[in-house]
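Reproduced below: final_26.cif, with mmCIF, N, CA and C atoms.
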```
data_structure
loop_
_atom_site.label_atom_id
_atom_site.label_comp_id
_atom_site.auth_asym_id
_atom_site.auth_seq_id
_atom_site.Cartn_x
_atom_site.Cartn_y
_atom_site.Cartn_z
N MET A 1 -12.37 -31.48 3.78
CA MET A 1 -11.46 -31.98 4.80
C MET A 1 -10.86 -30.79 5.54
N LYS A 2 -10.88 -30.86 6.85
CA LYS A 2 -10.29 -29.80 7.66
C LYS A 2 -8.78 -29.83 7.47
N ARG A 3 -8.23 -28.65 7.26
CA ARG A 3 -6.80 -28.52 7.01
C ARG A 3 -6.03 -28.54 8.32
N ARG A 4 -4.95 -29.32 8.36
CA ARG A 4 -4.07 -29.32 9.54
C ARG A 4 -3.49 -27.92 9.72
N LYS A 5 -3.30 -27.53 10.96
CA LYS A 5 -2.82 -26.18 11.25
C LYS A 5 -1.45 -25.91 10.61
N GLU A 6 -0.63 -26.93 10.44
CA GLU A 6 0.69 -26.74 9.84
C GLU A 6 0.60 -26.34 8.36
N LEU A 7 -0.50 -26.68 7.71
CA LEU A 7 -0.67 -26.37 6.29
C LEU A 7 -1.48 -25.10 6.04
N VAL A 8 -2.02 -24.52 7.10
CA VAL A 8 -2.88 -23.34 6.95
C VAL A 8 -2.16 -22.18 6.26
N PRO A 9 -0.91 -21.85 6.62
CA PRO A 9 -0.26 -20.74 5.91
C PRO A 9 -0.15 -20.98 4.40
N LEU A 10 0.18 -22.20 4.00
CA LEU A 10 0.26 -22.50 2.57
C LEU A 10 -1.12 -22.43 1.92
N SER A 11 -2.14 -22.89 2.63
CA SER A 11 -3.51 -22.81 2.09
C SER A 11 -3.97 -21.37 1.96
N ARG A 12 -3.58 -20.52 2.89
CA ARG A 12 -3.92 -19.09 2.75
C ARG A 12 -3.26 -18.50 1.51
N GLU A 13 -2.03 -18.88 1.26
CA GLU A 13 -1.35 -18.40 0.05
C GLU A 13 -2.05 -18.94 -1.20
N HIS A 14 -2.52 -20.17 -1.12
CA HIS A 14 -3.29 -20.72 -2.24
C HIS A 14 -4.55 -19.89 -2.49
N ASN A 15 -5.21 -19.50 -1.43
CA ASN A 15 -6.41 -18.68 -1.59
C ASN A 15 -6.08 -17.37 -2.30
N ARG A 16 -4.99 -16.75 -1.89
CA ARG A 16 -4.58 -15.50 -2.56
C ARG A 16 -4.23 -15.76 -4.02
N ALA A 17 -3.62 -16.91 -4.32
CA ALA A 17 -3.28 -17.25 -5.71
C ALA A 17 -4.55 -17.45 -6.54
N LEU A 18 -5.59 -18.02 -5.94
CA LEU A 18 -6.85 -18.18 -6.66
C LEU A 18 -7.46 -16.82 -6.99
N LEU A 19 -7.36 -15.88 -6.06
CA LEU A 19 -7.85 -14.53 -6.33
C LEU A 19 -7.06 -13.87 -7.46
N LEU A 20 -5.75 -14.11 -7.47
CA LEU A 20 -4.92 -13.59 -8.56
C LEU A 20 -5.31 -14.21 -9.90
N ALA A 21 -5.56 -15.51 -9.89
CA ALA A 21 -5.97 -16.18 -11.12
C ALA A 21 -7.28 -15.59 -11.63
N ARG A 22 -8.20 -15.35 -10.72
CA ARG A 22 -9.48 -14.78 -11.13
C ARG A 22 -9.29 -13.38 -11.71
N SER A 23 -8.46 -12.56 -11.08
CA SER A 23 -8.24 -11.22 -11.62
C SER A 23 -7.50 -11.29 -12.95
N GLY A 24 -6.62 -12.27 -13.12
CA GLY A 24 -5.94 -12.46 -14.40
C GLY A 24 -6.91 -12.85 -15.50
N ARG A 25 -7.82 -13.74 -15.19
CA ARG A 25 -8.84 -14.14 -16.18
C ARG A 25 -9.71 -12.95 -16.57
N ARG A 26 -10.11 -12.19 -15.58
CA ARG A 26 -10.97 -11.03 -15.82
C ARG A 26 -10.25 -9.99 -16.69
N ALA A 27 -9.00 -9.70 -16.36
CA ALA A 27 -8.23 -8.72 -17.13
C ALA A 27 -7.99 -9.22 -18.55
N ALA A 28 -7.74 -10.51 -18.70
CA ALA A 28 -7.46 -11.06 -20.03
C ALA A 28 -8.68 -11.00 -20.94
N ARG A 29 -9.86 -10.92 -20.37
CA ARG A 29 -11.07 -10.81 -21.19
C ARG A 29 -11.30 -9.37 -21.68
N THR A 30 -10.49 -8.45 -21.20
CA THR A 30 -10.64 -7.05 -21.62
C THR A 30 -9.67 -6.74 -22.75
N ASP A 31 -9.85 -5.58 -23.32
CA ASP A 31 -8.89 -5.08 -24.31
C ASP A 31 -8.13 -3.89 -23.72
N ASP A 32 -8.08 -3.80 -22.42
CA ASP A 32 -7.46 -2.66 -21.75
C ASP A 32 -6.01 -3.00 -21.39
N PRO A 33 -5.06 -2.51 -22.17
CA PRO A 33 -3.65 -2.83 -21.90
C PRO A 33 -3.19 -2.38 -20.52
N ARG A 34 -3.75 -1.28 -20.01
CA ARG A 34 -3.34 -0.81 -18.67
C ARG A 34 -3.77 -1.80 -17.60
N GLN A 35 -4.99 -2.32 -17.71
CA GLN A 35 -5.46 -3.28 -16.73
C GLN A 35 -4.65 -4.57 -16.81
N ILE A 36 -4.36 -5.01 -18.01
CA ILE A 36 -3.56 -6.22 -18.19
C ILE A 36 -2.17 -6.02 -17.59
N LYS A 37 -1.57 -4.87 -17.85
CA LYS A 37 -0.24 -4.58 -17.30
C LYS A 37 -0.28 -4.53 -15.77
N ARG A 38 -1.32 -3.91 -15.20
CA ARG A 38 -1.44 -3.84 -13.74
C ARG A 38 -1.51 -5.24 -13.11
N VAL A 39 -2.28 -6.12 -13.75
CA VAL A 39 -2.38 -7.48 -13.21
C VAL A 39 -1.03 -8.20 -13.32
N TRP A 40 -0.35 -8.05 -14.46
CA TRP A 40 0.98 -8.65 -14.59
C TRP A 40 1.92 -8.12 -13.51
N GLU A 41 1.90 -6.82 -13.30
CA GLU A 41 2.78 -6.23 -12.28
C GLU A 41 2.43 -6.74 -10.89
N HIS A 42 1.15 -6.90 -10.63
CA HIS A 42 0.73 -7.45 -9.33
C HIS A 42 1.19 -8.90 -9.19
N LEU A 43 1.03 -9.69 -10.25
CA LEU A 43 1.52 -11.07 -10.23
C LEU A 43 3.02 -11.10 -9.96
N ASP A 44 3.75 -10.22 -10.61
CA ASP A 44 5.20 -10.15 -10.42
C ASP A 44 5.54 -9.83 -8.96
N SER A 45 4.83 -8.88 -8.39
CA SER A 45 5.07 -8.49 -7.00
C SER A 45 4.77 -9.65 -6.04
N VAL A 46 3.66 -10.31 -6.26
CA VAL A 46 3.30 -11.45 -5.39
C VAL A 46 4.28 -12.59 -5.59
N TYR A 47 4.68 -12.81 -6.82
CA TYR A 47 5.65 -13.88 -7.08
C TYR A 47 6.95 -13.63 -6.32
N ARG A 48 7.46 -12.42 -6.42
CA ARG A 48 8.73 -12.10 -5.76
C ARG A 48 8.59 -12.03 -4.24
N GLY A 49 7.42 -11.64 -3.75
CA GLY A 49 7.23 -11.48 -2.32
C GLY A 49 6.72 -12.70 -1.58
N GLU A 50 6.10 -13.64 -2.29
CA GLU A 50 5.48 -14.76 -1.60
C GLU A 50 5.56 -16.06 -2.38
N MET A 51 5.20 -16.02 -3.64
CA MET A 51 5.02 -17.25 -4.40
C MET A 51 6.32 -18.02 -4.59
N ARG A 52 7.42 -17.31 -4.81
CA ARG A 52 8.71 -17.99 -5.00
C ARG A 52 9.07 -18.79 -3.75
N ALA A 53 8.88 -18.21 -2.57
CA ALA A 53 9.15 -18.91 -1.31
C ALA A 53 8.19 -20.08 -1.12
N HIS A 54 6.95 -19.88 -1.53
CA HIS A 54 5.94 -20.93 -1.45
C HIS A 54 6.37 -22.13 -2.29
N PHE A 55 6.78 -21.88 -3.53
CA PHE A 55 7.24 -22.96 -4.40
C PHE A 55 8.44 -23.67 -3.79
N ALA A 56 9.38 -22.90 -3.24
CA ALA A 56 10.58 -23.49 -2.65
C ALA A 56 10.22 -24.41 -1.48
N THR A 57 9.29 -23.97 -0.65
CA THR A 57 8.84 -24.79 0.48
C THR A 57 8.23 -26.09 -0.03
N GLU A 58 7.37 -25.99 -1.01
CA GLU A 58 6.75 -27.21 -1.55
C GLU A 58 7.79 -28.14 -2.15
N GLU A 59 8.73 -27.58 -2.90
CA GLU A 59 9.72 -28.42 -3.56
C GLU A 59 10.69 -29.05 -2.57
N LYS A 60 11.01 -28.35 -1.51
CA LYS A 60 11.94 -28.87 -0.52
C LYS A 60 11.28 -29.87 0.43
N LEU A 61 10.02 -29.62 0.80
CA LEU A 61 9.40 -30.43 1.84
C LEU A 61 8.32 -31.39 1.35
N ILE A 62 7.50 -30.95 0.43
CA ILE A 62 6.35 -31.76 0.03
C ILE A 62 6.68 -32.71 -1.12
N LEU A 63 7.40 -32.24 -2.12
CA LEU A 63 7.68 -33.10 -3.27
C LEU A 63 8.47 -34.36 -2.91
N PRO A 64 9.44 -34.30 -1.99
CA PRO A 64 10.11 -35.55 -1.60
C PRO A 64 9.14 -36.56 -0.98
N LEU A 65 8.18 -36.08 -0.20
CA LEU A 65 7.18 -36.98 0.37
C LEU A 65 6.36 -37.63 -0.74
N LEU A 66 5.95 -36.84 -1.72
CA LEU A 66 5.16 -37.38 -2.83
C LEU A 66 5.95 -38.44 -3.59
N ARG A 67 7.26 -38.18 -3.82
CA ARG A 67 8.10 -39.17 -4.50
C ARG A 67 8.16 -40.46 -3.68
N ASP A 68 8.33 -40.31 -2.36
CA ASP A 68 8.39 -41.49 -1.49
C ASP A 68 7.09 -42.28 -1.52
N LEU A 69 5.97 -41.60 -1.78
CA LEU A 69 4.67 -42.27 -1.86
C LEU A 69 4.41 -42.87 -3.25
N GLY A 70 5.38 -42.74 -4.16
CA GLY A 70 5.22 -43.29 -5.50
C GLY A 70 4.45 -42.38 -6.44
N GLU A 71 4.30 -41.12 -6.08
CA GLU A 71 3.55 -40.15 -6.88
C GLU A 71 4.49 -39.38 -7.81
N GLN A 72 5.26 -40.11 -8.61
CA GLN A 72 6.25 -39.49 -9.49
C GLN A 72 5.60 -38.58 -10.53
N ALA A 73 4.53 -39.03 -11.16
CA ALA A 73 3.88 -38.21 -12.19
C ALA A 73 3.33 -36.92 -11.59
N LEU A 74 2.76 -37.01 -10.42
CA LEU A 74 2.23 -35.83 -9.75
C LEU A 74 3.38 -34.87 -9.40
N THR A 75 4.46 -35.42 -8.89
CA THR A 75 5.64 -34.61 -8.54
C THR A 75 6.16 -33.87 -9.77
N GLU A 76 6.30 -34.58 -10.86
CA GLU A 76 6.81 -33.96 -12.09
C GLU A 76 5.85 -32.88 -12.60
N ARG A 77 4.56 -33.13 -12.52
CA ARG A 77 3.59 -32.12 -12.96
C ARG A 77 3.72 -30.85 -12.14
N LEU A 78 3.81 -31.00 -10.81
CA LEU A 78 3.92 -29.82 -9.94
C LEU A 78 5.18 -29.03 -10.26
N GLN A 79 6.29 -29.72 -10.46
CA GLN A 79 7.54 -29.04 -10.80
C GLN A 79 7.43 -28.32 -12.13
N ARG A 80 6.83 -28.96 -13.13
CA ARG A 80 6.64 -28.33 -14.45
C ARG A 80 5.80 -27.07 -14.32
N GLU A 81 4.73 -27.15 -13.54
CA GLU A 81 3.85 -26.00 -13.38
C GLU A 81 4.56 -24.88 -12.63
N HIS A 82 5.33 -25.20 -11.60
CA HIS A 82 6.10 -24.17 -10.89
C HIS A 82 7.02 -23.45 -11.87
N ARG A 83 7.73 -24.21 -12.69
CA ARG A 83 8.66 -23.61 -13.66
C ARG A 83 7.91 -22.75 -14.68
N ALA A 84 6.78 -23.23 -15.15
CA ALA A 84 6.02 -22.49 -16.17
C ALA A 84 5.48 -21.18 -15.59
N ILE A 85 4.97 -21.24 -14.39
CA ILE A 85 4.45 -20.03 -13.74
C ILE A 85 5.58 -19.03 -13.56
N ALA A 86 6.70 -19.50 -13.02
CA ALA A 86 7.85 -18.61 -12.79
C ALA A 86 8.36 -18.02 -14.10
N ARG A 87 8.52 -18.85 -15.11
CA ARG A 87 9.06 -18.39 -16.40
C ARG A 87 8.17 -17.30 -17.00
N ASN A 88 6.86 -17.47 -16.94
CA ASN A 88 5.95 -16.48 -17.50
C ASN A 88 6.00 -15.17 -16.73
N ILE A 89 6.04 -15.26 -15.42
CA ILE A 89 6.04 -14.04 -14.60
C ILE A 89 7.38 -13.32 -14.70
N GLU A 90 8.47 -14.06 -14.73
CA GLU A 90 9.80 -13.46 -14.73
C GLU A 90 10.21 -12.91 -16.10
N SER A 91 9.40 -13.09 -17.12
CA SER A 91 9.73 -12.65 -18.47
C SER A 91 8.74 -11.60 -18.95
N PRO A 92 8.99 -10.32 -18.64
CA PRO A 92 8.04 -9.26 -19.06
C PRO A 92 7.75 -9.26 -20.56
N ALA A 93 8.64 -9.76 -21.38
CA ALA A 93 8.37 -9.84 -22.82
C ALA A 93 7.17 -10.75 -23.11
N LEU A 94 6.84 -11.63 -22.17
CA LEU A 94 5.72 -12.56 -22.35
C LEU A 94 4.42 -12.01 -21.77
N TRP A 95 4.43 -10.81 -21.25
CA TRP A 95 3.26 -10.26 -20.55
C TRP A 95 2.19 -9.79 -21.54
N THR A 96 1.60 -10.73 -22.23
CA THR A 96 0.53 -10.41 -23.17
C THR A 96 -0.81 -10.83 -22.59
N ARG A 97 -1.86 -10.41 -23.23
CA ARG A 97 -3.21 -10.78 -22.79
C ARG A 97 -3.39 -12.30 -22.88
N ASP A 98 -2.95 -12.91 -23.98
CA ASP A 98 -3.12 -14.35 -24.14
C ASP A 98 -2.32 -15.13 -23.10
N ARG A 99 -1.11 -14.67 -22.83
CA ARG A 99 -0.30 -15.34 -21.81
C ARG A 99 -0.92 -15.19 -20.42
N LEU A 100 -1.51 -14.04 -20.17
CA LEU A 100 -2.16 -13.82 -18.88
C LEU A 100 -3.32 -14.78 -18.71
N SER A 101 -4.10 -14.95 -19.74
CA SER A 101 -5.22 -15.89 -19.69
C SER A 101 -4.72 -17.31 -19.43
N SER A 102 -3.69 -17.70 -20.15
CA SER A 102 -3.12 -19.05 -20.00
C SER A 102 -2.53 -19.23 -18.60
N LEU A 103 -1.77 -18.26 -18.15
CA LEU A 103 -1.17 -18.34 -16.82
C LEU A 103 -2.24 -18.42 -15.74
N ALA A 104 -3.28 -17.62 -15.86
CA ALA A 104 -4.36 -17.65 -14.87
C ALA A 104 -4.98 -19.04 -14.80
N ASP A 105 -5.17 -19.68 -15.94
CA ASP A 105 -5.73 -21.03 -15.96
C ASP A 105 -4.79 -22.03 -15.30
N VAL A 106 -3.50 -21.95 -15.63
CA VAL A 106 -2.52 -22.86 -15.04
C VAL A 106 -2.46 -22.66 -13.52
N LEU A 107 -2.42 -21.42 -13.09
CA LEU A 107 -2.35 -21.12 -11.66
C LEU A 107 -3.58 -21.66 -10.94
N TYR A 108 -4.75 -21.44 -11.50
CA TYR A 108 -5.99 -21.92 -10.89
C TYR A 108 -5.98 -23.45 -10.77
N GLN A 109 -5.67 -24.14 -11.86
CA GLN A 109 -5.66 -25.61 -11.83
C GLN A 109 -4.58 -26.15 -10.90
N HIS A 110 -3.44 -25.48 -10.87
CA HIS A 110 -2.34 -25.89 -10.00
C HIS A 110 -2.76 -25.84 -8.52
N VAL A 111 -3.35 -24.73 -8.13
CA VAL A 111 -3.78 -24.58 -6.73
C VAL A 111 -4.85 -25.61 -6.39
N ARG A 112 -5.81 -25.78 -7.27
CA ARG A 112 -6.87 -26.77 -7.01
C ARG A 112 -6.30 -28.17 -6.84
N LEU A 113 -5.33 -28.54 -7.67
CA LEU A 113 -4.69 -29.85 -7.55
C LEU A 113 -4.01 -29.99 -6.20
N GLU A 114 -3.28 -28.97 -5.80
CA GLU A 114 -2.59 -29.06 -4.51
C GLU A 114 -3.57 -29.15 -3.35
N GLU A 115 -4.62 -28.35 -3.39
CA GLU A 115 -5.58 -28.36 -2.28
C GLU A 115 -6.40 -29.66 -2.24
N ARG A 116 -6.74 -30.19 -3.39
CA ARG A 116 -7.63 -31.35 -3.44
C ARG A 116 -6.91 -32.69 -3.39
N LYS A 117 -5.67 -32.74 -3.88
CA LYS A 117 -4.96 -34.03 -3.92
C LYS A 117 -3.68 -34.03 -3.08
N VAL A 118 -2.85 -33.00 -3.24
CA VAL A 118 -1.54 -33.00 -2.59
C VAL A 118 -1.68 -32.83 -1.08
N PHE A 119 -2.40 -31.82 -0.64
CA PHE A 119 -2.49 -31.57 0.79
C PHE A 119 -3.16 -32.71 1.56
N PRO A 120 -4.20 -33.36 1.03
CA PRO A 120 -4.72 -34.53 1.73
C PRO A 120 -3.67 -35.65 1.88
N LEU A 121 -2.84 -35.84 0.85
CA LEU A 121 -1.77 -36.83 0.97
C LEU A 121 -0.78 -36.42 2.07
N VAL A 122 -0.42 -35.15 2.08
CA VAL A 122 0.51 -34.66 3.10
C VAL A 122 -0.10 -34.85 4.49
N GLN A 123 -1.33 -34.47 4.65
CA GLN A 123 -1.99 -34.59 5.96
C GLN A 123 -2.01 -36.04 6.44
N HIS A 124 -2.19 -36.95 5.53
CA HIS A 124 -2.31 -38.36 5.91
C HIS A 124 -0.95 -39.03 6.14
N HIS A 125 0.07 -38.61 5.39
CA HIS A 125 1.34 -39.35 5.40
C HIS A 125 2.53 -38.62 6.03
N ALA A 126 2.43 -37.34 6.28
CA ALA A 126 3.59 -36.60 6.78
C ALA A 126 3.90 -36.98 8.22
N ASP A 127 5.20 -37.09 8.50
CA ASP A 127 5.61 -37.35 9.88
C ASP A 127 5.67 -36.03 10.65
N PRO A 128 5.78 -36.10 11.97
CA PRO A 128 5.79 -34.87 12.78
C PRO A 128 6.90 -33.89 12.42
N ASP A 129 8.06 -34.38 12.01
CA ASP A 129 9.15 -33.47 11.63
C ASP A 129 8.80 -32.67 10.38
N LEU A 130 8.20 -33.33 9.40
CA LEU A 130 7.80 -32.63 8.18
C LEU A 130 6.71 -31.60 8.49
N LEU A 131 5.75 -31.99 9.31
CA LEU A 131 4.68 -31.05 9.68
C LEU A 131 5.26 -29.84 10.41
N ALA A 132 6.22 -30.08 11.29
CA ALA A 132 6.85 -28.96 12.01
C ALA A 132 7.59 -28.04 11.04
N ALA A 133 8.26 -28.61 10.06
CA ALA A 133 8.96 -27.79 9.06
C ALA A 133 7.96 -26.98 8.23
N LEU A 134 6.85 -27.59 7.88
CA LEU A 134 5.82 -26.87 7.12
C LEU A 134 5.23 -25.73 7.96
N ALA A 135 5.09 -25.95 9.24
CA ALA A 135 4.54 -24.92 10.12
C ALA A 135 5.45 -23.70 10.18
N ARG A 136 6.73 -23.89 9.91
CA ARG A 136 7.66 -22.75 9.93
C ARG A 136 7.65 -21.96 8.64
N HIS A 137 6.89 -22.41 7.64
CA HIS A 137 6.82 -21.66 6.37
C HIS A 137 6.28 -20.27 6.66
N PRO A 138 6.97 -19.24 6.16
CA PRO A 138 6.51 -17.88 6.45
C PRO A 138 5.25 -17.51 5.68
N ASP A 139 4.26 -17.06 6.40
CA ASP A 139 3.05 -16.54 5.77
C ASP A 139 3.17 -15.02 5.86
N THR A 140 3.60 -14.42 4.77
CA THR A 140 3.99 -13.01 4.79
C THR A 140 2.83 -12.05 5.02
N HIS A 141 1.59 -12.54 4.98
CA HIS A 141 0.45 -11.66 5.16
C HIS A 141 -0.13 -11.73 6.56
N ASP A 142 0.39 -12.61 7.39
CA ASP A 142 -0.09 -12.66 8.77
C ASP A 142 0.77 -11.74 9.63
N PRO A 143 0.16 -11.03 10.56
CA PRO A 143 0.95 -10.15 11.43
C PRO A 143 1.85 -10.99 12.33
N PRO A 144 2.99 -10.44 12.74
CA PRO A 144 3.86 -11.18 13.66
C PRO A 144 3.14 -11.46 14.97
N GLN A 145 3.46 -12.59 15.55
CA GLN A 145 2.84 -13.00 16.83
C GLN A 145 3.61 -12.43 18.00
#
```
Reformat the file's structure so that it appears as structure tokens.
Amino acid sequence: MKRRKELVPLSREHNRALLLARSGRRAARTDDPRQIKRVWEHLDSVYRGEMRAHFATEEKLILPLLRDLGEQALTERLQREHRAIARNIESPALWTRDRLSSLADVLYQHVRLEERKVFPLVQHHADPDLLAALARHPDTHDPPQ
């Protein structure tokens, strides 16, 4: 399904998150503590620079729409996953190889769910005001216009 232009910045961030998940999986398969630490530090940087704002946008704008559509279980799952991702990244004491593997899996599945189920619902049901608000979401990797 072609993505509406208002959702493209969020989809680009999803693409970057999938790349992070892949690098997390790859690092977790190694026994190299330096590589594992580098990936954790990169995750932390992306979380603080982009992912936290991404989650806030989804929770403020998309989750209310999902609740209105009767998608309570989906809404709760997304919120749980946001909290789990944040908790793992924000707690350096948890930065182990096993946690990295688990987090990479959660991040991958989370993004796939949003791209395959959530965004199609948004595209079909969002009103023009919601789409306009989504279009204002900052995509920190695009150059200023």
With the PyMOL selection byres (((chain A and resi 108 and name CA) around 9) and name CA) as the selection, what would be picked from this file? Answer as a list in words, please. Ala17, Leu18, Leu19, Leu20, Ala21, Arg22, Leu103, Ala104, Asp105, Val106, Leu107, Gln109, His110, Val111, Arg112 and Leu113 of chain A
Among chain A, which residues carry a DSSP assignment of helix (DSSP H, G or I), reported as a VMD selection string? chain A and resid 5 to 28 33 to 68 72 to 90 92 to 94 97 to 125 128 to 135
Skip Pro9 of chain A itself and residues of its chain fewer than 2 positions away, then list as a PDB file with N, CA and C atoms, keeping the file's coordinate frame all residues within 8 Å of it, counting only N, CA and C atoms.
```pdb
ATOM      1  N   ARG A   4      -4.950 -29.320   8.360  1.00  0.00           N
ATOM      2  CA  ARG A   4      -4.070 -29.320   9.540  1.00  0.00           C
ATOM      3  C   ARG A   4      -3.490 -27.920   9.720  1.00  0.00           C
ATOM      4  N   LYS A   5      -3.300 -27.530  10.960  1.00  0.00           N
ATOM      5  CA  LYS A   5      -2.820 -26.180  11.250  1.00  0.00           C
ATOM      6  C   LYS A   5      -1.450 -25.910  10.610  1.00  0.00           C
ATOM      7  N   GLU A   6      -0.630 -26.930  10.440  1.00  0.00           N
ATOM      8  CA  GLU A   6       0.690 -26.740   9.840  1.00  0.00           C
ATOM      9  C   GLU A   6       0.600 -26.340   8.360  1.00  0.00           C
ATOM     10  N   LEU A   7      -0.500 -26.680   7.710  1.00  0.00           N
ATOM     11  CA  LEU A   7      -0.670 -26.370   6.290  1.00  0.00           C
ATOM     12  C   LEU A   7      -1.480 -25.100   6.040  1.00  0.00           C
ATOM     13  N   SER A  11      -2.140 -22.890   2.630  1.00  0.00           N
ATOM     14  CA  SER A  11      -3.510 -22.810   2.090  1.00  0.00           C
ATOM     15  C   SER A  11      -3.970 -21.370   1.960  1.00  0.00           C
ATOM     16  N   ARG A  12      -3.580 -20.520   2.890  1.00  0.00           N
ATOM     17  CA  ARG A  12      -3.920 -19.090   2.750  1.00  0.00           C
ATOM     18  C   ARG A  12      -3.260 -18.500   1.510  1.00  0.00           C
ATOM     19  N   GLU A  13      -2.030 -18.880   1.260  1.00  0.00           N
ATOM     20  CA  GLU A  13      -1.350 -18.400   0.050  1.00  0.00           C
ATOM     21  C   GLU A  13      -2.050 -18.940  -1.200  1.00  0.00           C
ATOM     22  N   HIS A  14      -2.520 -20.170  -1.120  1.00  0.00           N
ATOM     23  CA  HIS A  14      -3.290 -20.720  -2.240  1.00  0.00           C
ATOM     24  C   HIS A  14      -4.550 -19.890  -2.490  1.00  0.00           C
ATOM     25  N   ASN A  15      -5.210 -19.500  -1.430  1.00  0.00           N
ATOM     26  CA  ASN A  15      -6.410 -18.680  -1.590  1.00  0.00           C
ATOM     27  C   ASN A  15      -6.080 -17.370  -2.300  1.00  0.00           C
ATOM     28  N   LEU A 134       6.850 -27.590   7.880  1.00  0.00           N
ATOM     29  CA  LEU A 134       5.820 -26.870   7.120  1.00  0.00           C
ATOM     30  C   LEU A 134       5.230 -25.730   7.960  1.00  0.00           C
ATOM     31  N   ALA A 135       5.090 -25.950   9.240  1.00  0.00           N
ATOM     32  CA  ALA A 135       4.540 -24.920  10.120  1.00  0.00           C
ATOM     33  C   ALA A 135       5.450 -23.700  10.180  1.00  0.00           C
ATOM     34  N   HIS A 137       6.890 -22.410   7.640  1.00  0.00           N
ATOM     35  CA  HIS A 137       6.820 -21.660   6.370  1.00  0.00           C
ATOM     36  C   HIS A 137       6.280 -20.270   6.660  1.00  0.00           C
ATOM     37  N   PRO A 138       6.970 -19.240   6.160  1.00  0.00           N
ATOM     38  CA  PRO A 138       6.510 -17.880   6.450  1.00  0.00           C
ATOM     39  C   PRO A 138       5.250 -17.510   5.680  1.00  0.00           C
ATOM     40  N   ASP A 139       4.260 -17.060   6.400  1.00  0.00           N
ATOM     41  CA  ASP A 139       3.050 -16.540   5.770  1.00  0.00           C
ATOM     42  C   ASP A 139       3.170 -15.020   5.860  1.00  0.00           C
ATOM     43  N   THR A 140       3.600 -14.420   4.770  1.00  0.00           N
ATOM     44  CA  THR A 140       3.990 -13.010   4.790  1.00  0.00           C
ATOM     45  C   THR A 140       2.830 -12.050   5.020  1.00  0.00           C
TER      46      THR A 140
END
```
Quick one: residues within 6.5 Å of segment 74-89 of chain A, all atoms listed in the file, excluding same-chain residues fewer than 3 positions away - as a list in words? Leu43, Asp44, Leu63, Leu66, Arg67, Glu71, Pro92, Leu94 and Trp95 of chain A
Go through A:Ile62, A:Arg26, A:Asp98, A:Ala56 one by one, measure the shortest atom-to-atom distance of each to Gln123 of chain A using only C-alpha atoms, and give the residue with the smallest value.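 Nearest candidate to Gln123 of chain A out of A:Ile62, A:Arg26, A:Asp98, A:Ala56: A:Ile62.
Pairwise distance (atom C of Leu61 of chain A, atom N of Glu114 of chain A) equals 13.8 Å.
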Using only C-alpha atoms, which of the listed residues (A:His125, A:Lys117, A:Arg136, A:Arg99) sits closest to Ile36 of chain A?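 Result for the nearest residue to Ile36 of chain A: A:Arg99.
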A:Ala53, A:Arg97, A:Pro64, A:Leu69 ranked by distance to Arg34 of chain A, top pick (using only C-alpha atoms): A:Arg97
Atom-to-atom span, atom CA of Arg16 of chain A and atom CA of Pro120 of chain A, Å: 19.5 Å
Expressed in Å to a single decimal, how great is the separation between atom CA of Gly70 of chain A and atom C of Ala133 of chain A?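 Interatomic distance here is 21.5 Å.
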Considering only N, CA and C atoms, state which residue in the set A:Leu10, A:Leu100, A:Asp31, A:His124 is at the smallest distance from His54 of chain A. A:Leu10
Distance criterion (only N, CA and C atoms): nearest to Ala28 of chain A out of A:Arg116, A:Ser101, A:Ala126, A:Ala93: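 Of A:Arg116, A:Ser101, A:Ala126, A:Ala93, the one nearest Ala28 of chain A is A:Ser101, counting only N, CA and C atoms.
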